[in-house]
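Undergrad: Contents of run12.txt (compact mmCIF, C-alpha atoms):
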# COMPACT_ATOMS: atom_id res chain seq x y z
CA MET A 329 3.73 20.87 19.78
CA SER A 330 5.80 19.47 22.58
CA ALA A 331 8.79 21.22 24.10
CA ASP A 332 11.29 18.73 22.65
CA HIS A 333 10.19 19.52 19.11
CA SER A 334 13.83 19.87 18.06
CA ASN A 335 14.19 16.10 18.53
CA ASN A 336 12.19 15.70 15.34
CA ASN A 337 15.14 17.04 13.41
CA VAL A 338 17.40 14.19 14.44
CA GLU A 339 18.03 12.10 11.35
CA TRP A 340 17.14 8.43 11.43
CA PRO A 341 20.12 6.05 11.44
CA LEU A 342 21.44 4.66 8.19
CA TRP A 343 21.06 1.00 7.19
CA GLU A 344 22.87 -0.89 4.43
CA VAL A 345 20.60 -2.96 2.22
CA PHE A 346 21.52 -6.30 0.65
CA TYR A 347 19.26 -8.36 -1.56
CA GLN A 348 19.39 -11.91 -2.83
CA PRO A 349 18.67 -12.05 -6.55
CA GLY A 350 17.58 -15.70 -6.48
CA ASN A 351 17.65 -18.98 -4.58
CA GLY A 352 21.19 -19.93 -3.60
CA LYS A 353 22.65 -16.71 -5.00
CA PRO A 354 24.93 -14.58 -2.82
CA PHE A 355 23.45 -11.37 -1.39
CA GLU A 356 24.43 -8.19 -3.20
CA HIS A 357 24.69 -4.65 -1.87
CA ALA A 358 21.80 -2.53 -3.14
CA GLY A 359 22.38 0.78 -1.34
CA SER A 360 21.24 2.30 1.92
CA VAL A 361 18.11 3.68 3.59
CA HIS A 362 17.28 5.76 6.64
CA ALA A 363 14.96 4.15 9.19
CA PRO A 364 14.17 4.45 12.91
CA ASP A 365 14.56 0.69 13.57
CA ALA A 366 15.14 -2.70 11.93
CA GLU A 367 11.55 -3.47 10.90
CA MET A 368 11.08 -0.06 9.28
CA ALA A 369 14.50 -0.40 7.64
CA LEU A 370 13.32 -3.67 6.09
CA GLN A 371 10.12 -2.02 4.82
CA ASN A 372 11.95 1.04 3.51
CA ALA A 373 14.45 -1.24 1.77
CA ARG A 374 11.56 -3.11 0.16
CA ASP A 375 9.97 0.13 -0.99
CA THR A 376 13.22 1.60 -2.27
CA TYR A 377 15.05 -1.36 -3.78
CA ALA A 378 12.69 -4.32 -4.24
CA ARG A 379 9.76 -2.99 -6.20
CA ARG A 380 10.75 -4.41 -9.56
CA ASN A 381 11.47 -8.07 -8.87
CA GLU A 382 15.08 -7.45 -7.90
CA GLY A 383 15.25 -10.29 -5.44
CA ILE A 384 13.69 -12.85 -3.15
CA ALA A 385 15.20 -11.83 0.20
CA ILE A 386 16.53 -8.68 1.85
CA TRP A 387 19.04 -8.07 4.63
CA VAL A 388 19.38 -4.77 6.42
CA VAL A 389 22.39 -4.00 8.60
CA PRO A 390 23.01 -0.84 10.64
CA SER A 391 25.71 1.01 8.70
CA SER A 392 27.44 1.73 12.02
CA GLN A 393 27.96 -2.01 12.50
CA ILE A 394 30.05 -2.33 9.36
CA THR A 395 33.81 -2.13 9.80
CA ALA A 396 35.43 -0.96 6.59
CA SER A 397 38.99 -0.64 5.38
CA THR A 398 40.23 2.93 4.90
CA PRO A 399 41.87 4.46 1.82
CA GLU A 400 45.19 4.32 3.73
CA ASP A 401 44.78 0.54 3.93
CA VAL A 402 44.93 0.19 0.16
CA GLY A 403 48.69 -0.28 0.09
CA PRO A 404 49.21 -2.79 2.89
CA PHE A 405 45.93 -4.62 2.15
CA PHE A 406 45.97 -5.02 -1.59
CA ASP A 407 49.46 -4.35 -2.98
CA PRO A 408 51.08 -7.62 -1.91
CA ALA A 409 49.03 -9.47 -4.54
CA ASN A 410 50.26 -7.31 -7.42
CA ASP A 411 53.92 -8.26 -7.70
CA LYS A 412 53.79 -11.85 -6.48
CA ALA A 413 52.49 -13.78 -9.40
CA TYR A 414 53.07 -17.03 -7.54
CA ARG A 415 50.09 -16.17 -5.29
CA HIS A 416 47.78 -16.80 -8.21
CA PRO A 417 46.97 -20.33 -9.32
CA GLN A 418 47.57 -19.29 -12.93
CA PHE A 419 51.30 -18.98 -12.08
CA TYR A 420 51.62 -22.74 -11.97
CA SER A 421 51.46 -24.77 -15.14
CA THR A 422 49.28 -27.82 -15.05
CA PRO A 423 51.30 -31.07 -14.87
CA ARG A 424 51.25 -33.10 -18.07
CA ALA A 425 49.60 -36.06 -16.38
CA VAL A 426 46.64 -33.94 -15.25
CA LYS A 427 46.26 -32.29 -18.65
CA LYS A 428 46.09 -35.70 -20.33
CA ARG A 429 43.23 -36.79 -18.14
CA THR A 430 41.05 -33.76 -19.00
CA MET B 634 -11.56 -11.09 -24.83
CA ASN B 635 -15.03 -10.18 -23.71
CA THR B 636 -16.33 -13.22 -21.90
CA ASN B 637 -19.44 -11.57 -20.53
CA GLN B 638 -21.87 -11.98 -23.37
CA ASN B 639 -23.82 -14.61 -21.46
CA ILE B 640 -24.30 -12.75 -18.19
CA PRO B 641 -27.92 -11.59 -17.83
CA LYS B 642 -28.40 -7.80 -17.76
CA ALA B 643 -29.49 -7.59 -14.13
CA LYS B 644 -26.45 -9.57 -13.04
CA LYS B 645 -24.18 -7.42 -15.22
CA GLU B 646 -25.42 -4.31 -13.45
CA LEU B 647 -24.80 -5.93 -10.11
CA VAL B 648 -21.25 -7.00 -10.99
CA VAL B 649 -20.50 -3.47 -12.19
CA GLU B 650 -21.97 -2.01 -9.01
CA ILE B 651 -19.70 -4.17 -6.84
CA LEU B 652 -16.65 -3.52 -9.03
CA LEU B 653 -17.21 0.24 -8.85
CA ARG B 654 -17.67 0.23 -5.07
CA LEU B 655 -14.35 -1.54 -4.61
CA ALA B 656 -12.62 0.54 -7.27
CA ASP B 657 -13.90 3.94 -6.10
CA ASP B 658 -12.63 3.29 -2.55
CA ARG B 659 -9.22 2.53 -3.99
CA LEU B 660 -8.99 5.33 -6.52
CA ILE B 661 -9.99 8.04 -4.05
CA HIS B 662 -7.80 6.68 -1.25
CA GLY B 663 -4.93 6.31 -3.73
CA HIS B 664 -5.38 9.90 -4.86
CA ARG B 665 -5.28 11.16 -1.28
CA LEU B 666 -2.04 9.24 -0.72
CA SER B 667 -0.57 10.62 -3.94
CA GLU B 668 -0.90 14.10 -2.42
CA TRP B 669 2.03 13.12 -0.18
CA ALA B 670 4.41 12.80 -3.12
CA GLY B 671 7.24 15.23 -2.43
CA HIS B 672 5.85 16.05 1.03
CA GLY B 673 6.61 12.85 2.98
CA PRO B 674 8.20 13.20 6.41
CA GLU B 675 11.32 11.39 5.15
CA LEU B 676 12.48 10.45 1.68
CA GLU B 677 11.94 6.76 2.40
CA GLU B 678 8.42 7.29 3.72
CA ASP B 679 7.66 9.54 0.77
CA LEU B 680 8.50 6.58 -1.48
CA ALA B 681 6.50 4.18 0.67
CA LEU B 682 3.36 6.34 0.51
CA ALA B 683 3.75 6.82 -3.24
CA ASN B 684 4.12 3.05 -3.64
CA VAL B 685 0.93 2.39 -1.70
CA ALA B 686 -0.82 5.09 -3.75
CA LEU B 687 0.29 3.44 -6.98
CA ASP B 688 -0.83 0.03 -5.73
CA MET B 689 -4.29 1.33 -4.85
CA ILE B 690 -4.74 3.25 -8.09
CA GLY B 691 -3.59 0.11 -9.91
CA HIS B 692 -6.24 -1.95 -8.12
CA ALA B 693 -8.88 0.59 -9.09
CA ALA B 694 -7.72 0.64 -12.73
CA ALA B 695 -7.98 -3.15 -13.01
CA LEU B 696 -11.46 -3.20 -11.48
CA TYR B 697 -12.66 -0.28 -13.67
CA LYS B 698 -11.26 -1.98 -16.75
CA TYR B 699 -13.28 -5.08 -16.06
CA ALA B 700 -16.40 -2.98 -15.43
CA ALA B 701 -15.77 -1.16 -18.74
CA GLU B 702 -15.56 -4.51 -20.55
CA ILE B 703 -18.86 -5.61 -19.06
CA GLU B 704 -20.64 -2.31 -19.72
CA GLY B 705 -19.08 -1.76 -23.14
CA LYS B 706 -17.45 1.55 -22.11
CA PRO B 707 -14.33 2.66 -23.98
CA ASP B 708 -11.89 2.26 -21.07
CA GLU B 709 -11.28 2.62 -17.32
CA ASP B 710 -10.81 6.40 -17.65
CA HIS B 711 -14.52 6.75 -18.21
CA TYR B 712 -15.15 5.93 -14.54
CA ALA B 713 -12.26 7.91 -13.09
CA TYR B 714 -12.64 11.12 -15.09
CA PHE B 715 -16.15 11.42 -16.42
CA ARG B 716 -18.38 10.82 -13.43
CA ASP B 717 -19.50 13.41 -10.87
CA ASP B 718 -19.28 13.11 -7.10
CA ILE B 719 -22.83 11.82 -6.79
CA ASP B 720 -21.90 8.86 -9.02
CA PHE B 721 -18.93 7.86 -6.88
CA LYS B 722 -19.60 4.95 -4.53
CA ASN B 723 -16.60 5.18 -2.21
CA VAL B 724 -16.95 5.39 1.56
CA ALA B 725 -16.43 8.87 3.04
CA MET B 726 -13.42 7.75 5.07
CA VAL B 727 -11.17 7.66 2.00
CA GLU B 728 -12.15 11.10 0.67
CA LEU B 729 -11.28 13.02 3.86
CA PRO B 730 -8.31 15.38 3.37
CA LYS B 731 -4.96 13.73 3.95
CA GLY B 732 -4.39 15.60 7.21
CA ASP B 733 -1.06 15.14 8.97
CA PHE B 734 1.08 12.01 8.74
CA ALA B 735 -0.67 10.50 11.78
CA PHE B 736 -4.07 10.92 10.15
CA THR B 737 -2.85 9.35 6.92
CA ILE B 738 -1.43 6.38 8.84
CA ALA B 739 -4.52 5.91 11.04
CA ARG B 740 -6.78 5.91 7.98
CA GLN B 741 -4.48 3.59 6.05
CA PHE B 742 -4.39 1.16 8.95
CA LEU B 743 -8.18 1.10 9.46
CA PHE B 744 -8.90 0.81 5.75
CA SER B 745 -6.20 -1.79 5.03
CA ALA B 746 -7.42 -3.94 7.94
CA TYR B 747 -10.95 -3.69 6.52
CA SER B 748 -9.69 -4.55 3.01
CA TYR B 749 -7.76 -7.48 4.42
CA PHE B 750 -10.85 -9.14 5.88
CA LEU B 751 -13.01 -8.15 2.92
CA TYR B 752 -10.67 -9.55 0.27
CA GLU B 753 -10.00 -12.71 2.27
CA LYS B 754 -13.75 -13.45 2.26
CA LEU B 755 -14.32 -12.25 -1.30
CA ILE B 756 -11.64 -14.61 -2.61
CA GLU B 757 -13.47 -17.54 -0.95
CA THR B 758 -16.80 -16.40 -2.37
CA VAL B 759 -16.54 -14.81 -5.80
CA GLY B 760 -17.04 -17.36 -8.57
CA ASP B 761 -16.21 -15.06 -11.50
CA GLU B 762 -12.69 -16.15 -12.48
CA GLN B 763 -11.38 -12.85 -13.80
CA PHE B 764 -12.74 -10.93 -10.82
CA ASN B 765 -11.35 -13.46 -8.37
CA GLY B 766 -7.93 -13.42 -10.06
CA MET B 767 -7.70 -9.65 -9.54
CA LEU B 768 -8.73 -10.00 -5.90
CA GLN B 769 -6.00 -12.56 -5.26
CA LYS B 770 -3.35 -10.40 -6.89
CA HIS B 771 -4.39 -7.28 -4.97
CA PHE B 772 -4.69 -9.18 -1.68
CA LYS B 773 -0.90 -9.61 -1.52
CA GLU B 774 -0.39 -5.86 -1.75
CA ILE B 775 -3.14 -5.17 0.78
CA LYS B 776 -1.26 -7.37 3.28
CA TYR B 777 1.77 -5.15 2.83
CA HIS B 778 -0.23 -1.92 3.21
CA PHE B 779 -1.65 -3.35 6.41
CA ARG B 780 1.76 -4.33 7.74
CA HIS B 781 3.34 -0.99 6.91
CA SER B 782 0.58 1.14 8.43
CA ARG B 783 0.28 -1.08 11.52
CA GLU B 784 3.98 -0.77 12.27
CA TRP B 785 3.60 3.00 12.06
CA VAL B 786 0.62 2.95 14.45
CA PHE B 787 2.84 1.23 17.04
CA ARG B 788 5.62 3.74 16.56
CA LEU B 789 3.49 6.86 16.58
CA GLY B 790 1.27 5.66 19.43
CA ASP B 791 4.16 4.54 21.59
CA GLY B 792 6.54 7.24 20.31
CA THR B 793 6.84 10.80 21.56
CA GLU B 794 4.18 12.70 23.44
CA GLU B 795 3.39 14.64 20.29
CA SER B 796 3.13 11.61 17.98
CA HIS B 797 0.91 9.84 20.54
CA GLU B 798 -1.39 12.84 20.78
CA ARG B 799 -1.61 13.29 17.04
CA ILE B 800 -2.46 9.70 16.17
CA GLN B 801 -4.93 9.38 19.04
CA HIS B 802 -6.62 12.52 17.72
CA ALA B 803 -6.63 11.01 14.21
CA PHE B 804 -8.36 7.81 15.35
CA ASP B 805 -10.92 9.85 17.31
CA GLU B 806 -11.61 12.00 14.22
CA ILE B 807 -11.98 9.11 11.78
CA TRP B 808 -14.04 6.81 13.93
CA MET B 809 -17.43 8.20 12.89
CA TYR B 810 -16.57 7.21 9.31
CA THR B 811 -15.93 3.54 10.14
CA GLY B 812 -19.61 2.59 10.49
CA GLU B 813 -20.11 2.75 6.72
CA LEU B 814 -17.54 0.07 6.10
CA PHE B 815 -19.74 -2.60 7.64
CA SER B 816 -23.30 -1.56 6.78
CA LEU B 817 -25.03 -3.56 4.05
CA ASP B 818 -27.47 -2.05 1.58
CA ASP B 819 -29.97 -3.66 -0.81
CA ALA B 820 -27.58 -3.85 -3.75
CA GLU B 821 -25.07 -5.70 -1.60
CA ARG B 822 -27.71 -8.05 -0.21
CA THR B 823 -28.71 -9.04 -3.75
CA ALA B 824 -25.05 -9.42 -4.68
CA ILE B 825 -24.52 -11.78 -1.73
CA ASP B 826 -27.28 -14.05 -3.07
CA LYS B 827 -25.44 -14.22 -6.39
CA ASN B 828 -22.03 -14.96 -4.85
CA LEU B 829 -20.70 -11.58 -5.90
CA PHE B 830 -20.24 -10.07 -2.48
CA VAL B 831 -19.94 -11.04 1.17
CA ASP B 832 -21.80 -10.07 4.31
CA ILE B 833 -19.57 -7.20 5.41
CA SER B 834 -21.47 -6.80 8.68
CA GLU B 835 -19.81 -10.06 9.77
CA LEU B 836 -16.37 -8.53 9.24
CA LYS B 837 -16.88 -5.94 11.94
CA GLU B 838 -16.07 -8.28 14.81
CA PRO B 839 -12.68 -9.58 13.62
CA TRP B 840 -11.79 -6.08 12.36
CA LEU B 841 -12.61 -4.47 15.69
CA ALA B 842 -10.67 -7.14 17.59
CA LEU B 843 -7.59 -6.53 15.45
CA VAL B 844 -7.86 -2.75 15.75
CA LYS B 845 -8.37 -3.02 19.51
CA ASP B 846 -5.27 -5.23 19.94
CA THR B 847 -3.15 -2.92 17.81
CA LEU B 848 -4.26 0.25 19.58
CA GLU B 849 -3.70 -1.33 22.98
CA GLU B 850 -0.18 -2.37 22.03
CA ALA B 851 0.39 1.15 20.72
CA THR B 852 -0.75 2.56 24.12
CA LEU B 853 -3.74 4.21 22.39
CA THR B 854 -7.39 4.33 23.43
CA LEU B 855 -9.99 2.72 21.20
CA PRO B 856 -12.57 5.40 20.34
CA ASP B 857 -16.12 4.89 21.57
CA ASP B 858 -17.81 2.71 18.96
CA ASP B 859 -21.26 3.70 20.21
CA GLN B 860 -21.30 7.13 18.58
CA TYR B 861 -22.93 8.91 15.64
CA MET B 862 -21.79 7.26 12.41
CA PHE B 863 -21.66 8.98 9.03
CA SER B 864 -23.55 7.13 6.29
CA GLY B 865 -24.78 7.41 2.71
CA SER B 866 -21.56 7.67 0.70
CA ARG B 867 -22.09 4.39 -1.14
CA GLN B 868 -25.35 5.90 -2.40
CA GLY B 869 -23.62 9.11 -3.53
CA LYS B 870 -24.11 11.32 -0.46
CA HIS B 871 -20.56 12.43 0.08
CA THR B 872 -18.77 14.95 2.27
CA GLU B 873 -17.89 18.30 0.72
CA HIS B 874 -14.31 17.08 0.28
CA LEU B 875 -14.94 14.72 -2.62
CA GLY B 876 -16.01 17.48 -5.03
CA HIS B 877 -12.76 19.36 -4.47
CA LEU B 878 -10.71 16.21 -4.93
CA LEU B 879 -12.49 15.38 -8.18
CA ALA B 880 -12.13 18.93 -9.47
CA GLN B 881 -8.38 18.59 -9.17
CA MET B 882 -8.19 15.01 -10.39
CA GLN B 883 -10.55 15.38 -13.35
CA PHE B 884 -9.82 18.92 -14.52
CA LEU B 885 -7.13 18.17 -17.09
CA ARG B 886 -8.87 15.22 -18.65
CA ARG B 887 -12.20 17.01 -18.92
CA SER B 888 -10.71 20.23 -20.30
CA TYR B 889 -8.60 18.36 -22.85
CA PRO B 890 -10.45 15.09 -23.40
CA ASP B 891 -8.22 14.06 -26.30
CA ALA B 892 -4.92 14.97 -24.66
CA GLU B 893 -2.28 12.24 -24.85
CA TRP B 894 0.96 11.54 -23.00
CA LYS B 895 3.84 12.17 -25.41
I need this file expressed as structure tokens, please.
TA:
Amino acid sequence: MSADHSNNNVEWPLWEVFYQPGNGKPFEHAGSVHAPDAEMALQNARDTYARRNEGIAIWVVPSSQITASTPEDVGPFFDPANDKAYRHPQFYSTPRAVKKRT
Amino acid sequence: MNTNQNIPKAKKELVVEILLRLADDRLIHGHRLSEWAGHGPELEEDLALANVALDMIGHAAALYKYAAEIEGKPDEDHYAYFRDDIDFKNVAMVELPKGDFAFTIARQFLFSAYSYFLYEKLIETVGDEQFNGMLQKHFKEIKYHFRHSREWVFRLGDGTEESHERIQHAFDEIWMYTGELFSLDDAERTAIDKNLFVDISELKEPWLALVKDTLEEATLTLPDDDQYMFSGSRQGKHTEHLGHLLAQMQFLRRSYPDAEWK
């Protein structure tokens, strides 16, 4: 046992795992794993999330590198869309000429 | 379907012998890895070791099943549960107690590298379609076992003082069990003539080169290859550890032979 044994109790950093379900499909978030570095994160992601044919490619990203919105952002970020129907394409009726053509 | 009606008896025995040698290595190694379940150093590594264990036990089950078809035995369980240690043909390396994590990784790395070269050659050689199909399927998983254990050798070797010491010690301990991997016996020589096996003594050179490169990169010292080497396991002369392993593995099935999963 070495003197710096207590170092062993430091938890490995967290990585977010994304997998691609098929060719041309967008990557989806699968969950997260702990790993000492990128290669091991990739292997741990494979062992944790890709054992049952879930996908054809994996991304791992250090969780610390992700910038996320906070709960306080909910109002300013997402409210504006709620009461301004004209922001949605459905607000506008299709011109008669276009309808005829389809 | 049993497609083996036309194989002559002597050849049947030889195919079974080769199948069992491959399968026993994998079952016993897989069992040792399964002992880590719930005891892995980290949750993720616990899963990884259990995955490798399941892969290896799966390889063994497929090989046993084919042997059972050829020999007309009821199923693969016959080989796993109803043989004694003297009947097992695995190399001693895989029956050694799991040790610490460094030991488990060192063994996995040495054995997976050996399996890599062995399967690569077997796939080129074996004419039996069903046998070859299994080898190809298992080869993909062996590549992953190799990759996973090799990455750990780098990290433990070139990690902390303690991890370096532990994995160096593990390689030094295991080395006397590596000689068996590459020594041919009469059964294997006959099998080579019938395109059922390959000259494993030729695999030593590429294996040693790969191990040497990996250990160097991991700042580890390659153990002295010119040392006493354990031998005889393939012929049933095992270490005292196999009997204990089998006692645990076979107890339930032998005590309750008709027990079923419900």
Undergrad: At a cut-off of 6 Å, can you tabulate as JSON lines every residue of chain B near chain A together with its closest atom pair and the distance in Å to one decimal, using only C-alpha atoms and ordering rows by chain then number?
TA:
{"residue": "B:Glu677", "atom": "CA", "partner": "A:Asn372", "partner_atom": "CA", "distance": 5.8}
{"residue": "B:Ala681", "atom": "CA", "partner": "A:Asp375", "partner_atom": "CA", "distance": 5.6}
{"residue": "B:Glu795", "atom": "CA", "partner": "A:Ser330", "partner_atom": "CA", "distance": 5.9}
Undergrad: Select, from B:Gly865, B:Ala842, B:Arg887, B:Glu784, the residue with the minimum atom-to-atom distance to B:Asp818, counting all atoms listed in the file.
TA: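 Going through B:Gly865, B:Ala842, B:Arg887, B:Glu784 one by one, the smallest distance to B:Asp818 is for B:Gly865.
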Undergrad: When you look at B:Met862 with a cut-off of 8 Å (counting all atoms listed in the file), what residues show up, excluding the ones that are within fewer than 6 positions of it in the same chain? I need them as a PyMOL selection string.
TA: chain B and resi 808-813
Undergrad: Identify which of the residues B:Ile703, B:Leu653, B:Val786, B:Leu676 lies closest to B:Arg740, counting all atoms listed in the file when measuring atom-to-atom distances.
TA: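 Among the listed residues, B:Val786 lies closest to B:Arg740.
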Undergrad: List as a compact mmCIF listing (two decimals) with C-alpha atoms, keeping the file's coordinate frame the residues having at least one atom at most 10 Å from position (-4.1, -7.1, -5.4) as given in the file, counting all atoms listed in the file.
TA:
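Output (part.txt):
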# COMPACT_ATOMS: atom_id res chain seq x y z
CA ASP B 688 -0.83 0.03 -5.73
CA MET B 689 -4.29 1.33 -4.85
CA GLY B 691 -3.59 0.11 -9.91
CA HIS B 692 -6.24 -1.95 -8.12
CA ALA B 693 -8.88 0.59 -9.09
CA ALA B 695 -7.98 -3.15 -13.01
CA TYR B 752 -10.67 -9.55 0.27
CA GLY B 766 -7.93 -13.42 -10.06
CA MET B 767 -7.70 -9.65 -9.54
CA LEU B 768 -8.73 -10.00 -5.90
CA GLN B 769 -6.00 -12.56 -5.26
CA LYS B 770 -3.35 -10.40 -6.89
CA HIS B 771 -4.39 -7.28 -4.97
CA PHE B 772 -4.69 -9.18 -1.68
CA LYS B 773 -0.90 -9.61 -1.52
CA GLU B 774 -0.39 -5.86 -1.75
CA ILE B 775 -3.14 -5.17 0.78
CA LYS B 776 -1.26 -7.37 3.28
Undergrad: My list of candidates is B:Glu646, B:Glu728, B:Asp718, B:Glu675. Which is closest to A:Val338 when distances are computed with all atoms listed in the file?
TA: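 Using all atoms listed in the file, A:Val338 sits closest to B:Glu675.
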Undergrad: Separation of atom CA of B:Phe736 and atom CA of B:Ser782, in Å?
TA: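 Going from atom CA of B:Phe736 over to atom CA of B:Ser782, I get 11.0 Å.
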Undergrad: Which value, in Å to one decimal, gives the distance between atom CA of B:Glu806 and atom CA of B:Ala725?
TA: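 Between atom CA of B:Glu806 and atom CA of B:Ala725 the gap is 12.6 Å.
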Undergrad: With all atoms listed in the file as the counted atoms, please give the residues lying no more than 7 Å from B:Arg783, apart from itself and same-chain residues fewer than 4 positions off, as a PDB file with C-alpha atoms, in the frame of the given file.
TA:
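Once written, out-v5.pdb looks like this:
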ATOM      1  CA  PHE B 742      -4.390   1.160   8.950  1.00  0.00           C
ATOM      2  CA  PHE B 779      -1.650  -3.350   6.410  1.00  0.00           C
ATOM      3  CA  PHE B 787       2.840   1.230  17.040  1.00  0.00           C
TER       4      PHE B 787
END
Undergrad: So how far away is atom CA of A:Ala366 from atom CA of A:Val388, in Å?
TA: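 If I compute the distance from atom CA of A:Val388 to atom CA of A:Ala366, I get 7.3 Å.
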Undergrad: In the coordinate frame of the file, compute which residues have an atom within 9 Å of (-21.1, 9.1, 1.0) when using all atoms listed in the file, and state them as a PyMOL selection string.
TA: chain B and resi 719+721-726+813+863-872
Undergrad: Tell me, as a list in words, which residues lie within 9 Å of A:Ser392, counting all atoms listed in the file; anything in the same chain fewer than 6 positions away does not count.
TA: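 The filter keeps Pro341, Leu342 and Trp343 of chain A.
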